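> Mind having a look at this structure? Questions to follow.
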Amino acid sequence: AHSSGGYFIELASEDGARSWSLHWSYSKQGFTAGHTQEAEIAALYDSLRNVGIPIASLLEFRLDRDVTVEVLEDNVAAIVATDKCYCLI
């Protein structure tokens, strides 16, 4: 069975006092992952490549300042893999 995944993108003020929902998505992945870590990393890659980075680039252009992208992940194995650069994102 194909894995499913989702993500939520939010714009927050620099001080964190205010935030706005920008985008969310939930869908089945186009492949069968060998393990949960693989599915999580694939969802992370997809969300950053297709939505997160384009939104950040647009905001940087419109706001004329750097925008920080913060990624929150709930799978410990995926966190370890991305922190140690075991995968290309």
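Naming scheme: A, B, ... for chains in displayed order of the structure tokens; residues 1 onward per chain; ligands 1 onward as shown.
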Which neighbours of range 46-63 of chain A fall inside 12 Å, counting only C-alpha atoms, when residues of the same chain fewer than 5 positions from it are skipped, and could you give them as a list of chain:residue names?
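Counting only C-alpha atoms, the residues come to A:Gly5, A:Gly6, A:Tyr7, A:Phe8, A:Ile9, A:Glu10, A:Leu11, A:Ala12, A:Leu22, A:His23, A:Trp24, A:Ser25, A:Tyr26, A:Ser27, A:Lys28, A:Gln29, A:Gly30, A:Ala39, A:Glu40, A:Ile41, A:Thr68, A:Val69, A:Glu70, A:Val71, A:Leu72, A:Glu73, A:Leu88, A:Ile89.
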> Would you save the residues from that selection as a tab-separated table (two decimals), in the first residue's frame, using C-alpha atoms?

```tsv
chain	number	residue	atom	x	y	z
A	5	GLY	CA	1.50	12.16	4.09
A	6	GLY	CA	0.63	15.71	4.81
A	7	TYR	CA	2.08	19.06	5.67
A	8	PHE	CA	1.03	22.47	6.93
A	9	ILE	CA	2.71	25.77	6.06
A	10	GLU	CA	2.33	28.81	8.27
A	11	LEU	CA	3.73	32.33	8.08
A	12	ALA	CA	4.78	33.67	11.48
A	22	LEU	CA	-0.78	29.66	4.08
A	23	HIS	CA	-1.15	26.13	2.78
A	24	TRP	CA	-1.85	22.55	3.81
A	25	SER	CA	-1.97	19.28	1.92
A	26	TYR	CA	-2.65	15.59	2.52
A	27	SER	CA	-2.28	12.92	-0.14
A	28	LYS	CA	-1.15	9.41	-0.97
A	29	GLN	CA	2.46	9.13	-2.10
A	30	GLY	CA	3.19	7.86	-5.58
A	39	ALA	CA	7.97	7.98	3.60
A	40	GLU	CA	8.58	10.88	5.99
A	41	ILE	CA	11.67	12.08	4.11
A	68	THR	CA	13.62	31.70	7.49
A	69	VAL	CA	12.05	28.32	6.76
A	70	GLU	CA	11.65	26.21	9.89
A	71	VAL	CA	10.87	22.51	9.44
A	72	LEU	CA	9.18	20.48	12.16
A	73	GLU	CA	9.27	16.69	11.82
A	88	LEU	CA	19.58	14.78	-0.31
A	89	ILE	CA	16.92	17.40	0.30
```
> I'd like the contact shell of Val76 in chain A - 12 Å cut-off, only C-alpha atoms, skipping same-chain residues fewer than 6 positions apart - returned as a list in words.
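The residues that qualify are Thr36, Gln37, Glu38, Glu40, Ile41, Thr82 and Asp83 of chain A.
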> Select from chain A everything DSSP, run on the backbone, classes as strand (DSSP E), then give the selection as a PyMOL selection string.
chain A and resi 4-12+19-28
> Give me a file of those residues, with C-alpha atoms, as a compact mmCIF listing (two decimals), in the first residue's frame.

```
# COMPACT_ATOMS: atom_id res chain seq x y z
CA SER A 4 0.11 8.89 2.86
CA GLY A 5 1.50 12.16 4.09
CA GLY A 6 0.63 15.71 4.81
CA TYR A 7 2.08 19.06 5.67
CA PHE A 8 1.03 22.47 6.93
CA ILE A 9 2.71 25.77 6.06
CA GLU A 10 2.33 28.81 8.27
CA LEU A 11 3.73 32.33 8.08
CA ALA A 12 4.78 33.67 11.48
CA SER A 19 0.83 33.62 12.49
CA TRP A 20 -1.20 32.92 9.35
CA SER A 21 -2.01 29.62 7.68
CA LEU A 22 -0.78 29.66 4.08
CA HIS A 23 -1.15 26.13 2.78
CA TRP A 24 -1.85 22.55 3.81
CA SER A 25 -1.97 19.28 1.92
CA TYR A 26 -2.65 15.59 2.52
CA SER A 27 -2.28 12.92 -0.14
CA LYS A 28 -1.15 9.41 -0.97
```
> Between CA of Cys85 in chain A and CA of Gly16 in chain A, what is the distance, to one decimal in Å?
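Result for CA of Cys85 in chain A versus CA of Gly16 in chain A: 28.2 Å, one decimal.
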> When you draw a straight line from CA of Asp74 in chain A to CA of Asp15 in chain A, how long is it in Å?
23.8 Å
> So how many Å separate CA of Ala77 in chain A and CA of Leu44 in chain A, to one decimal?
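Pair CA of Ala77 in chain A / CA of Leu44 in chain A returns 13.0 Å.
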> Would you please work out which residue, of A:Ala33, A:His2, A:Ala42, A:Glu14, is nearest to Ala78 in chain A when using only C-alpha atoms?
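Once distances to Ala78 in chain A are computed over only C-alpha atoms, the minimum belongs to A:Ala42.
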